[in-house]
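Asks: Provided herewith is a single structure, encoded as structure tokens, for subsequent inquiry.
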4 protein chains.
Amino acid sequence: VSPGARLRALIAERGVVEAMACHNALTARLAAEAGFEALWASGFELAAAHGVPDAGVVSMAEHLAVCRQMAERTGGLVVADLDTGFGNAVNLTYAVEAYERAGVAAVVVEDKTFPKMTSLVPGGRQELARIEEYQGKLEAALAARRDPGLIVAARTEALIAGLGVDEALKRGEAYAEAGADLLLVHSKAPTSAEIEAFIGRWSGRVPLILVPTAFPSFGREAARASGKVAMVIWANQGLRAAVRAMRDTFAAVRAEGSAASVEDRIATLGDLLELQEMERVAELERRYLR
Amino acid sequence: VSPGARLRALIAERGVVEAMACHNALTARLAAEAGFEALWASGFELAAAHGVPDAGVVSMAEHLAVCRQMAERTGGLVVADLDTGFGNAVNLTYAVEAYERAGVAAVVVEDKTFPKMTSLVPGGRQELARIEEYQGKLEAALAARRDPGLIVAARTEALIAGLGVDEALKRGEAYAEAGADLLLVHSKAPTSAEIEAFIGRWSGRVPLILVPTAFPSFGREAARASGKVAMVIWANQGLRAAVRAMRDTFAAVRAEGSAASVEDRIATLGDLLELQEMERVAELERRYLR
Amino acid sequence: VSPGARLRALIAERGVVEAMACHNALTARLAAEAGFEALWASGFELAAAHGVPDAGVVSMAEHLAVCRQMAERTGGLVVADLDTGFGNAVNLTYAVEAYERAGVAAVVVEDKTFPKMTSLVPGGRQELARIEEYQGKLEAALAARRDPGLIVAARTEALIAGLGVDEALKRGEAYAEAGADLLLVHSKAPTSAEIEAFIGRWSGRVPLILVPTAFPSFGREAARASGKVAMVIWANQGLRAAVRAMRDTFAAVRAEGSAASVEDRIATLGDLLELQEMERVAELERRYLR
Amino acid sequence: VSPGARLRALIAERGVVEAMACHNALTARLAAEAGFEALWASGFELAAAHGVPDAGVVSMAEHLAVCRQMAERTGGLVVADLDTGFGNAVNLTYAVEAYERAGVAAVVVEDKTFPKMTSLVPGGRQELARIEEYQGKLEAALAARRDPGLIVAARTEALIAGLGVDEALKRGEAYAEAGADLLLVHSKAPTSAEIEAFIGRWSGRVPLILVPTAFPSFGREAARASGKVAMVIWANQGLRAAVRAMRDTFAAVRAEGSAASVEDRIATLGDLLELQEMERVAELERRYLR
């Protein structure tokens with residue numbers, strides 16, 4: 001059973017699946033361990049890990065390698081953030097082939113123009129592709145699948161671009177018309193009112209993906225209650241937790257000139273060894289080193 | 001002024017410099033921000049990030065890319081963990097050339113045989129190279145430098161291998177004889193007694209690098225007081241803090257089906273945007289997008 | 001049907017399959033176009049492409065990427081040259097998993113110690129692993145397969161190391177005992193006498209792979225006639241042809257200050273566009289660019 | 001002295017320098033050996049090596065790695081083909097920083113929109129950026145240099161796009177106005193008449209780069225005689241020679257089932273060992289293996 005087919009089955013079974021943002025195998029392992037059904041291979045988190053803006057600076061080759069690593073080391077269901085598809089319909093064709101072979105369960109392509117600017121930056125430039133152009137890209141992505149189970153999700157940034165719910169609905173319908181399996185609709189409004197307005201008026205032609213970063217009080221239950229949502233993505237909470245914890249720890253070690261005081265507040269060395277599969281390695285050594 | 005020369009000058013000025021373990025540009029930026037003078041490009045942390053053991057599974061190409069990225073995005077002084085040198089003296093020659101070009105300030109090569117097993121695993125296999133063989137590798141590394149400022153540090157695992165202080169001292173002298181600029185001496189004893197015994201008897205022929213992971217109460221002041229230590233490396237505290245924080249955050253989001261409760265305990269989205277250099281990007285857009 | 005199963009079926013059908021050495025997708029496409037049933041992802045050619053010795057300088061990550069690219073762009077059967085397995089049985093376990101996922105049909109692991117020296121260099125250092133140690137590696141490789149069709153081939157360098165036919169036979173039997181699917185036996189003798197002596201005395205317990213580089217008059221028919229050979233690898237003829245042609249062309253362009261005289265002796269620009277799949281791209285543009 | 005400064009000095013000294021297209025360290029070594037002063041890190045050749053179209057499918061990360069490798073292994077002067085700059089002025093800023101650190105002497109950025117279609121495909125889609133937009137990119141590239149010696153060359157595809165000599169001249173002036181160090185003007189006309197018309201009317205404000213692929217009878221002497229050309233790029237002759245030679249060799253080996261007949265027509269194994277620096281390795285082994 002392919003990863004895409006597994007993810008489709010999970011959605012059918014659970015109604016709403018939750019994906020946690022990850023940017024390497026370690027974060028993917030922690031997310032899987034916590035019970036998240038899917039792993040969001042976030043372009044935003046990866047850009048942050050590289051110390052660069054989420055604006056097309058990290059190459060597709062680097063994001064692809066992370067997706068492959070996440071799938072390989074966890075066996076989990078990777079939902080790959082393909083930004084705007086790394087170019088036009090031709091580039092997206094090559095990209096979808098490569099991500100499918102890397103073992104992802106779903107690809108998400110947004111309707112901004114390349115190079116995009118990250119969605120949540122205040123006042124950021126947000127330009128959308130023409131609807132017909134983006135439909136062509138979706139159709140190319142769908143045709144590029146070898147596994148019909150691979151999920152191709154459209155993503156509209158109409159709300160992010162300030163074009164309003166009507167435009168978002170119009171685009172959503174057009175993308176469903178082009179064959180998208182799911183529709184991610186993104187909002188940066190400070191409350192969930194905008195997204196709830198969208199959901200209320202959405203035809204339900206394809207299920208939705210939501211990303212409640214700006215309005216964190218919206219959660220799994222609200223998604224489920226709507227009857228129109230297949231996936232909630234937690235987009236960057238893990239990395240933000242890590243940054244806070246590293247800052248605190250670095251500051252303490254620097255101030256004290258010692259790691260003694262942080263020792264009890266952090267994971268143990270044994271935890272890390274376990275996350276590195278050291279038990280498996282010990283077993284391999286016992287069996288095969290002669 | 002080359003990175004190696006800058007690190008030498010800092011050691012001369014401060015007596016003891018502190019290096020914090022990092023595994024990507026983001027962690028490097030946080031470490032630099034906290035005031036650490038050097039960035040330890042840790043093979044252990046990188047292996048953990050990839051979800052694999054610290055036993056030669058991650059390729060040199062991948063570690064090298066991380067070192068380059070850390071140097072490029074922070075301008076900081078990278079101390080590169082070269083494990084056993086990726087092979088023999090020939091491989092190490094090519095490696096030193098590549099790491100120097102990647103912009104590191106120092107390389108550290110250990111005296112285990114390849115493939116090594118990570119040092120701190122309880123009961124792990126720990127085999128050391130013959131002294132003459134390792135001296136040959138050090139001489140090759142020294143000869144491979146184009147910048148005479150690049151620091152080549154020897155590293156003995158004699159204490160880790162349970163061979164005792166006498167053997168560690170003998171190896172340390174032999175490595176200094178071969179031309180090593182610094183000597184990292186590693187211990188996993190649960191207290192600092194072993195390392196203090198070593199320091200007490202060390203001739204001081206070259207300054208030492210210490211890694212107080214197993215005995216965290218040993219710190220900067222003890223290092224400084226000894227008069228024989230040039231660098232203290234904090235080897236994995238940041239990653240352990242991140243793992244703990246991500247576990248807590250993932251568990252909370254999973255349990256609550258919402259990110260609301262974690263929101264106040266984690267870095268803000270604005271923090272991440274800043275770490276991605278979004279202000280610089282906004283400035284570039286203002287100036288050059290037409 | 002997996003690549004390994006396809007290669008097994010081809011061997012069963014043809015008796016002897018021929019593999020041509022390649023080092024990127026282009027050379028793989030040319031080899032497939034010429035009718036070679038398999039593609040030898042040669043470590044020697046890849047090292048040459050990088051301008052470095054075939055002695056463990058190119059990282060596994062780089063070789064793996066080339067194997068993946070060859071499989072993806074041609075759909076062909078890749079036989080991956082894993083050198084000594086990138087370390088011990090643990091490293092080889094991780095390697096086999098990664099190469100299988102990259103889509104190769106077979107992996108070949110040699111019985112030298114790491115870091116190896118290329119086999120055909122006159123007077124080169126050639127050290128073999130202990131038989132038991134290497135058997136452990138083979139068993140680890142076999143256990144690491146998820147697809148039972150993946151071919152794990154042993155490779156003995158006993159003849160290269162000057163240890164004679166008796167030692168090569170002894171090692172071959174021991175490797176078959178450990179479960180190897182095929183046995184590559186390598187010779188650099190200037191005639192085929194040595195390899196024919198080996199073949200004559202080989203029990204036939206597993207079929208052989210031959211690499212007739214030093215004795216080019218030995219070919220497909222001799223292999224077939226022996227009844228003991230499953231594969232012949234042409235190990236570097238393509239790259240050597242390319243080097244000769246590029247040298248001639250570069251010299252002519254340099255001498256003449258013009259490309260006019262070489263124009264008729266080289267492939268056309270149209271040939272290159274075809275090898276880049278430009279027809280497919282034109283078709284994708286017609287269908288999906290709007 | 002930086003690579004850029006060295007290339008500037010060479011241009012000043014020779015009037016016209018010649019760059020040969022390369023796509024890896026081996027081809028770069030052969031080009032340097034033949035006496036070419038510069039190495040054209042061709043996006044077209046790299047795409048061909050990957051078996052994909054020259055249309056933004058190969059990631060910047062992969063092209064950058066090849067540029068680095070070419071510079072490192074030959075010490076030669078790399079002229080990097082940056083296509084359209086991998087996005088807008090922001091992406092180009094990050095790209096120029098990365099290529100400068102990789103050790104290139106010059107970057108060339110073309111005035112097409114992303115994703116470009118390769119220039120020489122018959123009937124290919126060729127869309128140009130607005131002049132002001134492209135000037136902004138050039139200014140960003142110039143500002144991103146840390147080494148003022150790094151050459152930033154503009155490249156106009158106006159002739160390729162069928163817009164005529166007037167438009168090409170207008171764009172050339174605008175790009176010189178924005179600060180470009182050199183101007184590459186590209187033509188696919190079947191004779192040199194078009195490019196000679198351009199040269200005749202060019203103000204000479206900045207020197208030109210020519211790429212005589214479609215009109216190979218135009219060469220070094222014609223370039224020199226014009227008094228306006230600083231560089232001639234031979235854009236793909238080496239790869240075309242290699243393809244022809246590999247095709248012939250593969251066909252012969254396949255037909256004959258033996259490598260005997262090709263042996264005398266191809267470079268020797270010793271040639272390859274030399275190109276792999278095996279003498280250096282032997283020397284390193286003698287000195288440092290103990």
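The chains in the structure tokens are called A, B, ... from first to last as shown; in each chain the residues are counted from 1, and the ligands are counted from 1 in the order shown.
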Got a sec: who's within 9 Å of stretch 113-130 of chain C, counting only C-alpha atoms, leaving out chain neighbours fewer than 5 positions off, as a PyMOL selection string?

Replies: (chain A and resi 290) or (chain B and resi 86-88+91+114) or (chain C and resi 44+53-57+83-88+135+156-158+160-162+186-188+214) or (chain D and resi 269-270+273+278+282)

Asks: List every residue of stretch 23-199 of chain D that DSSP, applied to the backbone of this structure, places in helix (DSSP H, G or I), and write the result as a ChimeraX atom specification.

Replies: /D:25-33,43-50,60-74,89-101,131-144,164-177,193-199

Asks: Find the spatial neighbours of A:Leu183, counting only C-alpha atoms, within a cut-off of 8 Å - ignore same-chain residues fewer than 4 positions away - and output them as a PDB file with N, CA, C and O atoms, in the first residue's frame.

Replies:
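What follows is the written file part_34.pdb:
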ATOM      1  N   ALA A 153      -2.780  18.262  -3.356  1.00  0.00           N
ATOM      2  CA  ALA A 153      -3.626  19.256  -2.710  1.00  0.00           C
ATOM      3  C   ALA A 153      -3.359  20.630  -3.292  1.00  0.00           C
ATOM      4  O   ALA A 153      -2.209  21.049  -3.414  1.00  0.00           O
ATOM      5  N   ALA A 154      -4.424  21.326  -3.660  1.00  0.00           N
ATOM      6  CA  ALA A 154      -4.312  22.731  -4.050  1.00  0.00           C
ATOM      7  C   ALA A 154      -4.216  23.583  -2.788  1.00  0.00           C
ATOM      8  O   ALA A 154      -4.578  23.139  -1.691  1.00  0.00           O
ATOM      9  N   ARG A 155      -3.714  24.781  -2.952  1.00  0.00           N
ATOM     10  CA  ARG A 155      -3.635  25.704  -1.809  1.00  0.00           C
ATOM     11  C   ARG A 155      -3.872  27.110  -2.316  1.00  0.00           C
ATOM     12  O   ARG A 155      -3.138  27.575  -3.193  1.00  0.00           O
ATOM     13  N   THR A 156      -4.875  27.739  -1.745  1.00  0.00           N
ATOM     14  CA  THR A 156      -5.098  29.115  -2.183  1.00  0.00           C
ATOM     15  C   THR A 156      -4.668  30.101  -1.104  1.00  0.00           C
ATOM     16  O   THR A 156      -4.939  29.916   0.075  1.00  0.00           O
ATOM     17  N   GLY A 172     -11.137  28.118  -4.980  1.00  0.00           N
ATOM     18  CA  GLY A 172     -11.308  26.758  -4.473  1.00  0.00           C
ATOM     19  C   GLY A 172     -12.126  25.900  -5.430  1.00  0.00           C
ATOM     20  O   GLY A 172     -11.766  24.755  -5.739  1.00  0.00           O
ATOM     21  N   TYR A 175     -10.151  25.054  -8.515  1.00  0.00           N
ATOM     22  CA  TYR A 175      -9.082  24.076  -8.288  1.00  0.00           C
ATOM     23  C   TYR A 175      -9.678  22.674  -8.123  1.00  0.00           C
ATOM     24  O   TYR A 175      -9.099  21.682  -8.571  1.00  0.00           O
ATOM     25  N   ALA A 176     -10.833  22.605  -7.454  1.00  0.00           N
ATOM     26  CA  ALA A 176     -11.524  21.315  -7.357  1.00  0.00           C
ATOM     27  C   ALA A 176     -11.912  20.840  -8.757  1.00  0.00           C
ATOM     28  O   ALA A 176     -11.748  19.660  -9.108  1.00  0.00           O
ATOM     29  N   VAL A 206     -14.472  19.304  -2.380  1.00  0.00           N
ATOM     30  CA  VAL A 206     -13.330  18.497  -1.892  1.00  0.00           C
ATOM     31  C   VAL A 206     -13.093  18.913  -0.448  1.00  0.00           C
ATOM     32  O   VAL A 206     -13.423  20.036  -0.058  1.00  0.00           O
ATOM     33  N   PRO A 207     -12.533  18.012   0.370  1.00  0.00           N
ATOM     34  CA  PRO A 207     -12.289  18.352   1.777  1.00  0.00           C
ATOM     35  C   PRO A 207     -11.174  19.393   1.911  1.00  0.00           C
ATOM     36  O   PRO A 207     -10.337  19.543   1.019  1.00  0.00           O
ATOM     37  N   LEU A 208     -11.166  20.060   3.044  1.00  0.00           N
ATOM     38  CA  LEU A 208     -10.230  21.166   3.284  1.00  0.00           C
ATOM     39  C   LEU A 208      -9.045  20.751   4.163  1.00  0.00           C
ATOM     40  O   LEU A 208      -9.133  19.805   4.948  1.00  0.00           O
ATOM     41  N   ILE A 209      -7.978  21.505   4.012  1.00  0.00           N
ATOM     42  CA  ILE A 209      -6.850  21.471   4.947  1.00  0.00           C
ATOM     43  C   ILE A 209      -6.752  22.848   5.575  1.00  0.00           C
ATOM     44  O   ILE A 209      -6.778  23.852   4.856  1.00  0.00           O
TER      45      ILE A 209
END

Asks: Considering only C-alpha atoms, can you say which of B:Val107, B:Ala48, B:Val253, B:Leu150 comes closest to chain A?

Replies: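 Once distances to chain A are computed over only C-alpha atoms, the minimum belongs to B:Ala48.
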
Asks: What residues in chain C have any atom no more than 8 Å from chain A when counting only C-alpha atoms, and can you write them as a list in words?

Replies: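 Residues satisfying the distance criterion: Asn88, Ala89, Val90, Glu132, Glu133, Gly136, Lys137, Glu139, Ala140, Val281, Leu284, Glu285, Arg287, Tyr288, Leu289 and Arg290 of chain C.
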
Asks: Quick one: everything within 7 Å of stretch 60-65 of chain A, counting only C-alpha atoms, minus sequence neighbours fewer than 2 positions away in the same chain. Send it as a list in words.

Replies: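 Neighbouring residues, sequence-local ones excluded: Val58, Cys67, Arg68, Gln69 and Tyr99 of chain A; Ser59 and Ala61 of chain D.
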
Asks: Output C-alpha atoms for every residue in the selection just made, as a PDB file, in the first residue's frame.

Replies:
ATOM      1  CA  VAL A  58      16.366  26.923  -0.148  1.00  0.00           C
ATOM      2  CA  CYS A  67      11.220  14.696   2.758  1.00  0.00           C
ATOM      3  CA  ARG A  68      13.010  11.506   1.752  1.00  0.00           C
ATOM      4  CA  GLN A  69      14.811  11.359   5.074  1.00  0.00           C
ATOM      5  CA  TYR A  99       8.591  13.720  -4.461  1.00  0.00           C
TER       6      TYR A  99
ATOM      7  CA  SER D  59      18.321  23.000  -8.523  1.00  0.00           C
ATOM      8  CA  ALA D  61      22.185  23.707  -5.021  1.00  0.00           C
TER       9      ALA D  61
END

Asks: To one decimal place in Å, what is the distance between atom CA of C:Ala260 and atom CA of D:Met20?

Replies: 14.8 Å

Asks: With a distance cut-off of 10 Å and only C-alpha atoms, select the neighbouring residues of A:Arg73, excluding the residue or stretch itself and same-chain residues fewer than 6 positions from it, and output the selection as an MDAnalysis selection string.

Replies: (chainID A and resid 24:26 28:29 277) or (chainID B and resid 50:52)

Asks: When DSSP works through the backbone of this structure, what residues of stretch 10-251 of chain A end up as strand (DSSP E or B), shown as a PyMOL selection string?

Replies: chain A and resi 17-22+38-41+77-81+106-110+112+128+151-156+182-185+208-210+229-234

Asks: Do you have the atom CA of B:His23-atom CA of B:Arg240 distance handy?

Replies: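 Separation of atom CA of B:His23 and atom CA of B:Arg240: 12.2 Å.
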
Asks: A:Leu30: which residues within 12 Å, counting only C-alpha atoms, same-chain residues fewer than 5 positions away excluded, as a ChimeraX atom specification?

Replies: /A:20-25,35-39,70,73-74,76,238-239,271-272,274-276 /B:48-49,51,242-251,254

Asks: Contacts of A:Pro3 at 8 Å or less, counting only C-alpha atoms, minus same-chain residues fewer than 3 places along, as a list of chain:residue names?

Replies: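 In the requested form, the answer reads A:Arg6, A:Leu7, A:Leu77, A:Gly103, A:Val104, A:Ala105, A:Gly149, A:Leu150.
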